[in-house]
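Text of the file work.cif, holding mmCIF, C-alpha atoms:
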data_final
#
loop_
_atom_site.label_atom_id
_atom_site.label_comp_id
_atom_site.auth_asym_id
_atom_site.auth_seq_id
_atom_site.Cartn_x
_atom_site.Cartn_y
_atom_site.Cartn_z
CA MET A 1 0.00 0.00 0.00
CA GLU A 2 1.33 3.44 -0.92
CA ASN A 3 1.89 6.07 1.69
CA PHE A 4 -0.90 8.56 2.22
CA ILE A 5 0.22 12.19 2.21
CA ILE A 6 -1.78 15.42 2.29
CA THR A 7 0.48 18.44 1.93
CA ASN A 8 -0.12 21.27 4.36
CA THR A 9 -1.68 24.58 3.33
CA LYS A 10 -2.19 27.81 5.23
CA TYR A 11 -5.35 26.31 6.74
CA THR A 12 -4.68 22.58 6.84
CA PRO A 13 -2.02 20.42 8.46
CA GLN A 14 0.50 18.10 6.83
CA ILE A 15 -0.85 14.56 7.14
CA GLU A 16 1.41 11.55 6.52
CA LEU A 17 0.42 7.94 7.02
CA SER A 18 3.26 5.60 6.20
CA PHE A 19 2.23 1.98 5.65
CA LYS A 20 5.85 0.95 5.27
CA ASP A 21 7.38 2.74 8.28
CA ARG A 22 4.18 2.46 10.33
CA TYR A 23 3.70 6.03 11.46
CA LEU A 24 1.08 8.75 11.26
CA ARG A 25 2.00 12.42 11.54
CA ILE A 26 -0.36 15.37 11.63
CA ILE A 27 1.45 18.68 11.93
CA GLY A 28 0.38 22.33 11.52
CA ASP A 29 -2.71 24.52 11.68
CA SER A 30 -6.13 22.99 11.16
CA TYR A 31 -8.95 25.33 10.31
CA PRO A 32 -10.18 24.10 6.93
CA GLU A 33 -13.43 25.18 5.36
CA ASN A 34 -14.64 21.60 5.64
CA ALA A 35 -12.90 19.36 8.15
CA MET A 36 -14.48 16.27 6.54
CA ASP A 37 -12.47 16.90 3.36
CA VAL A 38 -9.26 16.79 5.37
CA TYR A 39 -9.86 14.00 7.87
CA GLN A 40 -12.39 11.60 6.29
CA PRO A 41 -9.83 10.34 3.67
CA LEU A 42 -7.45 9.65 6.57
CA ILE A 43 -10.12 7.69 8.43
CA VAL A 44 -10.66 5.59 5.28
CA LYS A 45 -6.88 4.97 5.00
CA LEU A 46 -6.70 4.02 8.67
CA GLU A 47 -9.37 1.38 8.04
CA LYS A 48 -7.12 -0.04 5.29
CA TYR A 49 -4.08 0.17 7.55
CA PHE A 50 -5.70 -1.80 10.34
CA GLU A 51 -7.12 -4.46 8.02
CA ALA A 52 -3.96 -6.48 8.71
CA PRO A 53 -4.01 -8.20 12.12
CA ALA A 54 -1.98 -6.88 15.09
CA GLN A 55 -0.70 -3.77 13.38
CA ASP A 56 1.35 -1.21 15.27
CA LEU A 57 1.26 2.51 14.60
CA LEU A 58 3.38 5.36 15.97
CA ILE A 59 1.45 8.61 15.92
CA GLU A 60 2.66 12.20 16.26
CA PHE A 61 0.32 15.17 16.61
CA ASN A 62 1.64 18.70 16.63
CA PHE A 63 -0.92 21.42 16.05
CA ASP A 64 -0.77 25.19 16.23
CA PHE A 65 -4.42 26.09 15.89
CA VAL A 66 -7.34 23.67 15.65
CA SER A 67 -10.84 24.77 14.64
CA THR A 68 -13.91 23.37 16.37
CA SER A 69 -14.90 21.19 13.39
CA SER A 70 -11.32 19.86 13.24
CA LYS A 71 -11.59 19.08 16.95
CA LYS A 72 -14.74 17.12 16.27
CA MET A 73 -12.91 15.10 13.61
CA LEU A 74 -9.90 14.57 15.88
CA THR A 75 -12.22 13.35 18.65
CA ASP A 76 -13.69 10.89 16.13
CA ILE A 77 -10.20 9.76 15.05
CA ILE A 78 -9.10 9.22 18.65
CA GLY A 79 -12.28 7.18 19.22
CA ILE A 80 -11.54 5.13 16.09
CA LEU A 81 -7.93 4.56 17.24
CA GLN A 82 -9.26 3.45 20.61
CA GLY A 83 -11.44 0.94 18.76
CA TYR A 84 -8.39 -0.45 16.91
CA HIS A 85 -6.51 -0.64 20.19
CA ASP A 86 -9.40 -2.56 21.77
CA ALA A 87 -9.28 -4.92 18.77
CA GLY A 88 -5.65 -5.80 19.58
CA HIS A 89 -3.60 -3.31 17.54
CA GLN A 90 -0.66 -1.47 19.12
CA ILE A 91 -0.97 2.30 19.14
CA LYS A 92 1.43 4.85 20.58
CA LEU A 93 0.59 8.53 20.33
CA THR A 94 2.82 11.50 21.18
CA TRP A 95 1.03 14.82 21.24
CA PHE A 96 3.41 17.78 21.22
CA PHE A 97 2.40 21.15 22.63
CA PRO A 98 4.41 24.41 23.04
CA GLU A 99 6.29 24.39 26.33
CA GLY A 100 4.56 26.53 28.94
CA ASP A 101 1.25 26.68 27.08
CA LEU A 102 -0.92 25.28 29.86
CA ASP A 103 -4.17 25.77 27.92
CA TRP A 104 -2.86 23.62 25.07
CA GLN A 105 -1.67 20.99 27.49
CA GLU A 106 -5.10 20.89 29.12
CA GLN A 107 -6.73 20.53 25.70
CA CYS A 108 -4.48 17.57 24.84
CA GLU A 109 -5.37 15.93 28.16
CA MET A 110 -9.05 16.49 27.44
CA PHE A 111 -8.77 14.93 23.97
CA LEU A 112 -7.15 11.84 25.42
CA GLU A 113 -9.02 11.49 28.71
CA ASP A 114 -10.89 8.35 27.55
CA ALA A 115 -8.00 6.77 25.67
CA SER A 116 -6.44 3.63 27.11
CA PHE A 117 -3.78 3.18 24.42
CA ASN A 118 -0.22 4.29 25.04
CA TYR A 119 0.14 8.07 24.76
CA SER A 120 2.24 10.97 26.01
CA ILE A 121 1.69 14.72 26.02
CA THR A 122 5.09 16.24 25.46
CA PRO A 123 6.21 19.89 25.58
CA PHE A 124 8.51 21.24 22.90
CA LYS A 125 10.56 24.42 22.76
CA ASP A 126 10.10 26.83 19.87
CA MET B 127 -26.37 10.57 5.15
CA SER B 128 -22.86 9.35 4.38
CA PRO B 129 -19.31 10.69 4.59
CA ASP B 130 -19.67 11.75 0.95
CA GLN B 131 -22.14 14.39 2.02
CA LYS B 132 -19.38 16.23 3.83
CA ASP B 133 -21.03 16.79 7.17
CA ILE B 134 -18.93 16.21 10.24
CA PHE B 135 -22.07 15.10 12.10
CA TRP B 136 -23.09 12.39 9.60
CA LYS B 137 -22.67 9.62 12.18
CA GLU B 138 -24.84 11.44 14.69
CA ALA B 139 -27.47 12.03 11.99
CA GLU B 140 -27.45 8.30 11.22
CA LEU B 141 -27.92 7.53 14.89
CA LEU B 142 -30.90 9.84 15.08
CA ALA B 143 -32.45 8.26 11.97
CA GLU B 144 -32.05 4.83 13.54
CA ALA B 145 -33.70 6.03 16.74
CA LYS B 146 -36.65 7.30 14.69
CA ILE B 147 -37.01 3.92 12.98
CA LEU B 148 -36.98 2.25 16.38
CA LEU B 149 -39.64 4.63 17.62
CA GLY B 150 -41.78 3.79 14.61
CA GLN B 151 -41.51 0.08 15.41
CA LEU B 152 -42.49 0.77 18.99
CA SER B 153 -45.73 2.36 17.94
CA GLU B 154 -46.63 -0.66 15.75
CA ASP B 155 -46.12 -3.57 18.13
CA GLY B 156 -45.62 -1.80 21.49
CA CYS B 157 -42.23 -3.32 22.24
CA VAL B 158 -38.62 -2.86 21.21
CA GLU B 159 -35.80 -5.35 20.88
CA LYS B 160 -33.65 -5.07 24.00
CA ALA B 161 -30.32 -5.50 22.16
CA ARG B 162 -31.13 -2.73 19.68
CA TYR B 163 -32.24 -0.43 22.47
CA ALA B 164 -29.02 -1.12 24.40
CA GLN B 165 -26.98 -0.42 21.26
CA LEU B 166 -28.78 2.86 20.76
CA ALA B 167 -28.38 3.87 24.41
CA ALA B 168 -24.63 3.15 24.21
CA ALA B 169 -24.35 5.25 21.06
CA TYR B 170 -26.20 8.12 22.77
CA GLU B 171 -23.91 7.86 25.77
CA LYS B 172 -20.90 8.15 23.48
CA LEU B 173 -22.51 11.11 21.76
CA LEU B 174 -23.18 12.86 25.06
CA LYS B 175 -19.57 12.33 26.13
CA GLN B 176 -18.33 13.74 22.84
CA SER B 177 -20.62 16.77 23.03
CA SER B 178 -19.48 17.43 26.58
CA LYS B 179 -15.83 17.13 25.55
CA LEU B 180 -16.26 19.44 22.56
CA THR B 181 -18.02 22.02 24.72
CA ARG B 182 -15.20 21.95 27.26
CA LEU B 183 -12.63 22.18 24.46
CA SER B 184 -14.52 25.13 23.04
CA ASP B 185 -14.58 26.83 26.46
CA LEU B 186 -10.84 26.35 26.72
CA ASP B 187 -10.47 27.87 23.27
CA GLU B 188 -12.41 30.93 24.34
CA LYS B 189 -10.21 31.27 27.41
CA ARG B 190 -7.13 30.91 25.24
CA LEU B 191 -8.45 33.42 22.71
CA ASN B 192 -9.22 35.94 25.45
CA GLY B 193 -5.67 35.56 26.72
CA ILE B 194 -4.29 36.15 23.24
CA MET B 195 -6.54 39.18 22.76
CA ASP B 196 -5.43 40.55 26.10
CA ARG B 197 -1.76 40.18 25.17
CA LEU B 198 -2.26 41.57 21.67
CA SER B 199 -4.25 44.51 22.98
CA ARG B 200 -1.09 45.84 24.61
CA TYR B 201 0.30 46.45 21.14
CA VAL B 202 -2.62 48.52 19.88
CA SER B 203 -4.52 51.44 21.37
CA PRO B 204 -7.81 50.66 23.20
CA PRO B 205 -10.00 52.55 20.64
CA LEU B 206 -8.41 50.65 17.75
CA ARG B 207 -8.68 47.32 19.56
CA LYS B 208 -12.37 48.00 20.20
CA LYS B 209 -12.90 48.69 16.51
CA ILE B 210 -10.98 45.60 15.36
CA VAL B 211 -12.86 43.35 17.82
CA ALA B 212 -16.19 44.79 16.65
CA GLY B 213 -15.15 43.98 13.07
CA GLN B 214 -15.38 47.62 12.00
CA GLU B 215 -11.75 47.94 10.95
CA ARG B 216 -10.81 46.05 7.81
CA VAL B 217 -7.28 44.73 7.85
CA GLU B 218 -6.28 45.74 4.35
CA LEU B 219 -3.88 48.09 2.63
CA ASN B 220 -4.66 50.94 0.20
CA LYS B 221 -7.92 51.83 1.93
CA THR B 222 -6.98 55.10 3.55
CA ARG B 223 -9.34 57.86 4.56
CA ARG B 224 -8.80 61.58 4.65
CA VAL B 225 -9.79 62.93 8.05
CA LYS B 226 -9.11 65.97 10.18
CA LEU B 227 -7.24 65.02 13.33
CA SER B 228 -5.38 66.63 16.18
CA ILE B 229 -1.91 65.15 16.42
CA PHE B 230 0.40 65.12 19.41
CA TYR B 231 4.12 64.46 19.70
CA SER B 232 6.26 64.46 22.81
CA ASP B 233 9.72 63.42 23.88
CA ILE B 234 12.08 63.74 26.81
CA ILE B 235 14.73 66.39 26.19
CA ASP B 236 18.20 64.88 25.79
CA PHE B 237 17.02 61.46 26.86
CA SER B 238 19.77 59.76 24.85
CA ALA B 239 22.41 61.73 26.77
CA HIS B 240 20.71 60.94 30.10
CA SER B 241 20.40 57.26 29.22
CA ALA B 242 24.12 57.03 28.43
CA ASN B 243 24.78 57.67 32.13
CA MET B 244 22.23 55.16 33.41
CA GLU B 245 22.43 51.46 34.18
CA GLY B 246 20.28 49.34 31.87
CA GLU B 247 17.86 48.49 34.65
CA ALA B 248 17.50 52.10 35.83
CA LEU B 249 16.93 53.19 32.23
CA SER B 250 14.25 50.56 31.82
CA ILE B 251 12.53 51.55 35.10
CA ILE B 252 12.53 55.25 34.26
CA LEU B 253 11.45 54.84 30.64
CA ASN B 254 8.72 52.30 31.42
CA SER B 255 7.35 54.26 34.39
CA TYR B 256 7.28 57.35 32.14
CA LEU B 257 5.57 55.56 29.24
CA CYS B 258 3.08 53.77 31.56
CA ALA B 259 2.06 57.02 33.22
CA MET B 260 1.76 58.86 29.90
CA THR B 261 -0.20 56.01 28.30
CA ASP B 262 -2.70 56.05 31.19
CA ILE B 263 -3.21 59.74 30.47
CA VAL B 264 -3.63 59.08 26.73
CA ASN B 265 -6.27 56.45 27.51
CA HIS B 266 -7.98 58.72 30.02
CA PHE B 267 -8.45 61.36 27.30
CA LYS B 268 -9.40 58.66 24.75
CA GLY B 269 -6.54 59.37 22.39
CA THR B 270 -5.28 56.83 19.86
CA LEU B 271 -1.74 55.94 20.82
CA ASP B 272 -0.03 55.62 17.46
CA LYS B 273 3.42 54.59 18.56
CA TYR B 274 6.33 54.92 20.94
CA ILE B 275 9.61 55.87 19.30
CA GLY B 276 12.08 55.33 22.10
CA ASP B 277 11.06 57.99 24.62
CA ALA B 278 8.88 59.81 22.07
CA ILE B 279 5.11 59.36 22.00
CA MET B 280 2.77 59.97 19.08
CA VAL B 281 -0.97 60.23 19.70
CA PHE B 282 -3.89 61.40 17.60
CA PHE B 283 -7.49 62.36 18.30
CA GLY B 284 -10.44 61.93 15.94
CA ASP B 285 -9.97 58.38 14.71
CA PRO B 286 -11.20 55.71 15.09
CA ASP B 287 -13.57 57.52 17.48
CA PHE B 288 -14.79 60.73 15.89
CA THR B 289 -16.62 63.39 17.90
CA ASP B 290 -15.91 66.85 16.49
CA ASP B 291 -12.79 68.82 15.57
CA THR B 292 -12.97 71.14 18.57
CA ASP B 293 -13.45 68.30 21.02
CA HIS B 294 -10.47 66.43 19.52
CA ALA B 295 -8.22 69.47 19.84
CA ILE B 296 -9.40 70.30 23.38
CA ARG B 297 -8.85 66.75 24.62
CA CYS B 298 -5.44 66.70 22.97
CA VAL B 299 -4.31 69.89 24.75
CA GLN B 300 -5.86 68.76 28.04
CA MET B 301 -3.87 65.56 27.73
CA ALA B 302 -0.66 67.50 27.14
CA LEU B 303 -1.26 69.63 30.24
CA LYS B 304 -1.95 66.56 32.34
CA MET B 305 1.26 64.97 31.04
CA ARG B 306 3.25 68.02 32.06
CA GLU B 307 1.68 67.91 35.51
CA LYS B 308 2.44 64.19 35.80
CA MET B 309 6.10 64.77 34.94
CA ALA B 310 6.54 66.71 38.18
CA GLU B 311 5.23 63.72 40.18
CA LEU B 312 7.42 61.29 38.26
CA GLN B 313 10.41 63.51 38.90
CA GLU B 314 9.93 63.01 42.64
CA ASP B 315 9.62 59.23 42.20
CA TRP B 316 12.80 59.09 40.13
CA PHE B 317 14.62 61.26 42.64
CA ARG B 318 13.68 58.79 45.39
CA LEU B 319 15.01 55.99 43.18
CA GLY B 320 18.37 57.77 43.13
CA TYR B 321 18.13 59.57 39.81
CA SER B 322 18.69 63.24 40.56
CA ASP B 323 18.97 64.79 37.08
CA PRO B 324 15.62 66.36 36.23
CA LEU B 325 14.00 65.18 33.02
CA HIS B 326 11.83 67.51 30.99
CA ILE B 327 9.40 66.86 28.18
CA ARG B 328 8.51 68.97 25.21
CA MET B 329 5.28 68.67 23.27
CA GLY B 330 3.92 69.68 19.88
CA ILE B 331 0.32 69.62 18.66
CA SER B 332 -1.18 70.36 15.27
CA THR B 333 -4.57 69.91 13.64
CA GLY B 334 -5.30 69.19 10.00
CA TYR B 335 -6.25 66.73 7.30
CA VAL B 336 -4.23 63.51 7.18
CA SER B 337 -4.52 60.11 5.53
CA VAL B 338 -5.43 57.45 8.06
CA GLY B 339 -5.36 53.73 7.49
CA ASN B 340 -3.10 50.71 7.27
CA PHE B 341 0.39 51.31 5.94
CA GLY B 342 3.04 48.66 5.43
CA SER B 343 2.87 45.26 3.77
CA ASP B 344 0.35 42.40 3.78
CA GLU B 345 2.52 40.63 6.35
CA ARG B 346 3.04 43.53 8.72
CA MET B 347 1.10 46.76 8.78
CA ASP B 348 0.62 49.70 11.08
CA TYR B 349 -2.60 51.58 11.58
CA THR B 350 -1.20 55.08 11.40
CA ILE B 351 -1.47 58.51 9.82
CA ILE B 352 0.57 60.42 7.29
CA GLY B 353 0.44 64.00 6.08
CA SER B 354 1.79 67.48 6.61
CA PRO B 355 0.06 68.07 10.01
CA VAL B 356 1.88 65.00 11.34
CA ASN B 357 5.23 66.53 10.36
CA LEU B 358 4.17 69.87 11.80
CA ALA B 359 3.32 68.36 15.21
CA SER B 360 6.68 66.62 15.23
CA ARG B 361 8.56 69.81 14.29
CA LEU B 362 6.69 71.87 16.90
CA GLU B 363 7.69 69.33 19.51
CA THR B 364 11.34 69.64 18.47
CA ALA B 365 11.08 73.44 18.62
CA ALA B 366 9.49 73.43 22.09
CA GLY B 367 11.53 74.20 25.18
CA ALA B 368 11.56 72.31 28.48
CA ASP B 369 8.01 71.41 29.61
CA GLN B 370 6.60 73.59 26.85
CA ILE B 371 3.51 72.78 24.78
CA LEU B 372 3.54 74.36 21.32
CA ILE B 373 0.39 74.23 19.21
CA SER B 374 -0.18 75.08 15.57
CA HIS B 375 -2.39 77.90 14.35
CA ASP B 376 -5.12 75.40 13.32
CA THR B 377 -5.19 73.89 16.80
CA TRP B 378 -5.13 77.32 18.44
CA GLY B 379 -8.16 78.34 16.36
CA LEU B 380 -10.13 75.49 17.94
CA VAL B 381 -8.95 75.77 21.54
CA LYS B 382 -8.17 79.46 22.15
CA ASN B 383 -11.29 79.99 24.31
CA HIS B 384 -10.49 77.03 26.51
CA PHE B 385 -6.80 77.56 27.23
CA ARG B 386 -4.57 80.46 28.08
CA CYS B 387 -2.05 80.71 25.24
CA SER B 388 0.83 82.97 24.27
CA GLU B 389 0.77 85.41 21.40
CA ALA B 390 1.51 83.93 17.98
CA ARG B 391 5.17 83.19 17.27
CA LYS B 392 6.55 82.70 13.81
CA LEU B 393 8.77 79.64 13.67
CA LYS B 394 11.00 78.48 10.85
CA LEU B 395 10.62 74.73 10.90
CA LYS B 396 12.52 72.10 8.95
CA GLY B 397 10.48 70.76 6.03
CA PHE B 398 8.21 73.82 5.85
CA ALA B 399 9.00 76.48 3.26
CA LYS B 400 6.99 79.18 5.06
CA ALA B 401 7.32 80.21 8.69
CA GLN B 402 4.63 78.57 10.83
CA LEU B 403 2.54 80.28 13.47
CA ALA B 404 2.82 78.61 16.84
CA TYR B 405 1.44 79.30 20.33
CA GLU B 406 2.55 78.15 23.71
CA VAL B 407 -0.17 76.73 25.96
CA TYR B 408 0.11 77.94 29.56
CA GLY B 409 -2.89 76.24 31.13
CA LEU B 410 -6.66 75.94 31.28
CA ALA B 411 -8.46 79.24 30.74
CA ASP B 412 -10.36 79.03 34.06
CA GLU B 413 -7.36 77.94 35.98
CA THR B 414 -5.09 80.57 34.51
CA GLN B 415 -7.64 83.34 34.98
CA ASN B 416 -7.65 82.49 38.65
CA ARG B 417 -3.99 81.75 39.23
CA GLU B 418 -1.64 82.46 36.38
CA VAL B 419 -0.42 85.91 35.38
CA VAL B 420 1.45 86.38 32.12
CA ILE B 421 3.16 89.60 31.08
CA GLU B 422 4.56 89.33 27.60
CA ASP B 423 6.09 91.85 25.24
CA LYS B 424 7.77 90.12 22.35
CA GLU B 425 9.36 93.24 20.90
CA LYS B 426 11.09 94.01 24.17
CA GLY B 427 11.91 90.36 24.75
CA LEU B 428 9.81 90.33 27.94
CA LEU B 429 8.04 87.28 29.29
CA ILE B 430 6.95 87.04 32.93
CA ARG B 431 4.70 84.24 34.08
CA TYR B 432 3.76 83.60 37.71
CA ASP B 433 1.16 81.89 39.85
CA LYS B 434 -0.57 84.59 41.87
CA SER B 435 -1.76 82.05 44.43
CA LYS B 436 1.89 81.48 45.30
CA ILE B 437 3.49 84.91 44.90
CA SER B 438 2.18 88.47 45.11
CA PRO B 439 2.84 91.09 42.39
CA GLU B 440 4.88 93.04 44.97
CA GLU B 441 7.14 90.04 45.52
CA VAL B 442 7.52 89.60 41.75
CA ALA B 443 8.48 93.27 41.44
CA LYS B 444 11.03 92.86 44.23
CA LEU B 445 12.55 89.85 42.44
CA ILE B 446 12.90 91.86 39.24
CA PHE B 447 14.12 95.13 40.64
#
Would you encode the structure as structure tokens?
Amino acid sequence: MENFIITNTKYTPQIELSFKDRYLRIIGDSYPENAMDVYQPLIVKLEKYFEAPAQDLLIEFNFDFVSTSSKKMLTDIIGILQGYHDAGHQIKLTWFFPEGDLDWQEQCEMFLEDASFNYSITPFKD
Amino acid sequence: MSPDQKDIFWKEAELLAEAKILLGQLSEDGCVEKARYAQLAAAYEKLLKQSSKLTRLSDLDEKRLNGIMDRLSRYVSPPLRKKIVAGQERVELNKTRRVKLSIFYSDIIDFSAHSANMEGEALSIILNSYLCAMTDIVNHFKGTLDKYIGDAIMVFFGDPDFTDDTDHAIRCVQMALKMREKMAELQEDWFRLGYSDPLHIRMGISTGYVSVGNFGSDERMDYTIIGSPVNLASRLETAAGADQILISHDTWGLVKNHFRCSEARKLKLKGFAKAQLAYEVYGLADETQNREVVIEDKEKGLLIRYDKSKISPEEVAKLIF
């Protein structure tokens, strides 16, 4: 399966799902006109990715600004990932936030409060 | 509904449709399959959790946004911030307006020379306490703080909040007088901090038509003003002496009944081909009528100004003769 890449724009993040190297990266701003256009193709690709049994996936999130509709889609994606984890797949998520930005940190914690897969919320320096 | 229909709530809509079907079945045979009901209840529970999470995330966003607005607001004047927040100010170039404003410039005389003798921290304390105090006064009189240029301050009246030309000019001069008064208080504070050299400000005010709007590039722009009255205010400030307020003829025309001013003086100013008429502002008309006495004869080079609440004419005469 070929890698899935959506190049970032001023309003959308860079999305990379590598089937070969088994990672997913979403990096940048996310305030698209229609969040479905950005994230639904990824959800479809994730379904393909987890068709194989006992897959593992290393995930990296690093957002600057996330619109409400993007948040809705991210909440869906985290729920979907939780489902794959419950089905026996290995998931490890690192969510980066700007060091000292306590609001962002709290948001990350809120996103992941129901997740039982392996995750960390990690500060980074600009 | 399906993902193709591009609605982020398509799953929730499907859930609702299913619930309606179930309700329809209930009305036909009076009972509902327990497993389907449990499935639906679980889906609703998930939905409630998600809605609650999104609401909390949204609240956090608002808090974050307010924090950002608060920090950003320190870089723009309160009237301009109000206008931007209300969506009345379009952030675009080449949309300037021609308006009549009263413009104010001030700076601390020889501040560069003073600062050369100060420690970095002392310099920062003095400059920031000065700018904080002056900015409070600008805000009190509802001026638009255009910019700080080192120790210099540029303010204008009449945009974005327009009242009338006279009111703009009066508030501008009132602000200048208050600033001069405040300098005396600050002087005492700085003396207590160990800085004994007195600092003095000079101020220039002019009134006239300028272009107001966004100037700069798409990436970085300033909401500011350009035009001859801006240069005139700046030049009057440079021409002013210690703690002096010089106003242009246009400003004087608007405020002469409200303030006690000197006779007209002709000044040769850089950038102006013709000599400009300027007036020194002594104080509020009421206040000066009660307290201030000015004896001026330009031809004889005479200028006597005293506060009659503090010194009698006899004492003044004794000092002179």
Could you tell me which residues the PyMOL selection byres ((chain B) within 8 of (chain A)) returns for this structure, as a list in words? Pro129, Lys132, Asp133, Ile134, Gln176, Lys179, Leu180, Leu183, Ser184, Leu186 and Arg190 of chain B
To verify the selection step, state as a PyMOL selection string which residues the PyMOL selection byres ((chain B and resi 302) around 9) yields on this input. chain B and resi 230+232+263-264+297-301+303-307+329-331+371
What residues come out when you apply the PyMOL selection byres ((chain B and resi 261) around 10) to this file, written as a PyMOL selection string? chain B and resi 203+255-260+262-267+269-271+274+279+281+305
Excluding region 17-19 of chain A and its own-chain neighbours fewer than 3 positions away, which residues fall within 8 Å of it when counting all atoms listed in the file? Please give them as a PDB file with C-alpha atoms, in the frame of the given file.
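As a result, selection-v7.pdb now contains:
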ATOM      1  CA  MET A   1       0.000   0.000   0.000  1.00  0.00           C
ATOM      2  CA  GLU A   2       1.330   3.440  -0.920  1.00  0.00           C
ATOM      3  CA  ASN A   3       1.890   6.070   1.690  1.00  0.00           C
ATOM      4  CA  PHE A   4      -0.900   8.560   2.220  1.00  0.00           C
ATOM      5  CA  ILE A   5       0.220  12.190   2.210  1.00  0.00           C
ATOM      6  CA  ARG A  22       4.180   2.460  10.330  1.00  0.00           C
ATOM      7  CA  TYR A  23       3.700   6.030  11.460  1.00  0.00           C
ATOM      8  CA  LEU A  24       1.080   8.750  11.260  1.00  0.00           C
ATOM      9  CA  ARG A  25       2.000  12.420  11.540  1.00  0.00           C
ATOM     10  CA  TYR A  49      -4.080   0.170   7.550  1.00  0.00           C
TER      11      TYR A  49
END
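Shortest separation to Trp95 (chain A) among A:Phe61, A:Tyr11, A:Phe124, A:Tyr31 occurs at residue A:Phe61, atoms counted being only C-alpha atoms.
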Rounded to one decimal, what separation in Å do you get between CA of Ile235 (chain B) and CA of Met309 (chain B)?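 Value for the CA of Ile235 (chain B)-CA of Met309 (chain B) distance: 12.4 Å.
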Quick one: residues within 9 Å of Ile78 (chain A), all atoms listed in the file, excluding same-chain residues fewer than 4 positions away - as a list in words?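 Result of the neighbour search: Met73, Leu74, Gln82, Gly83, Phe111, Leu112 and Ala115 of chain A.
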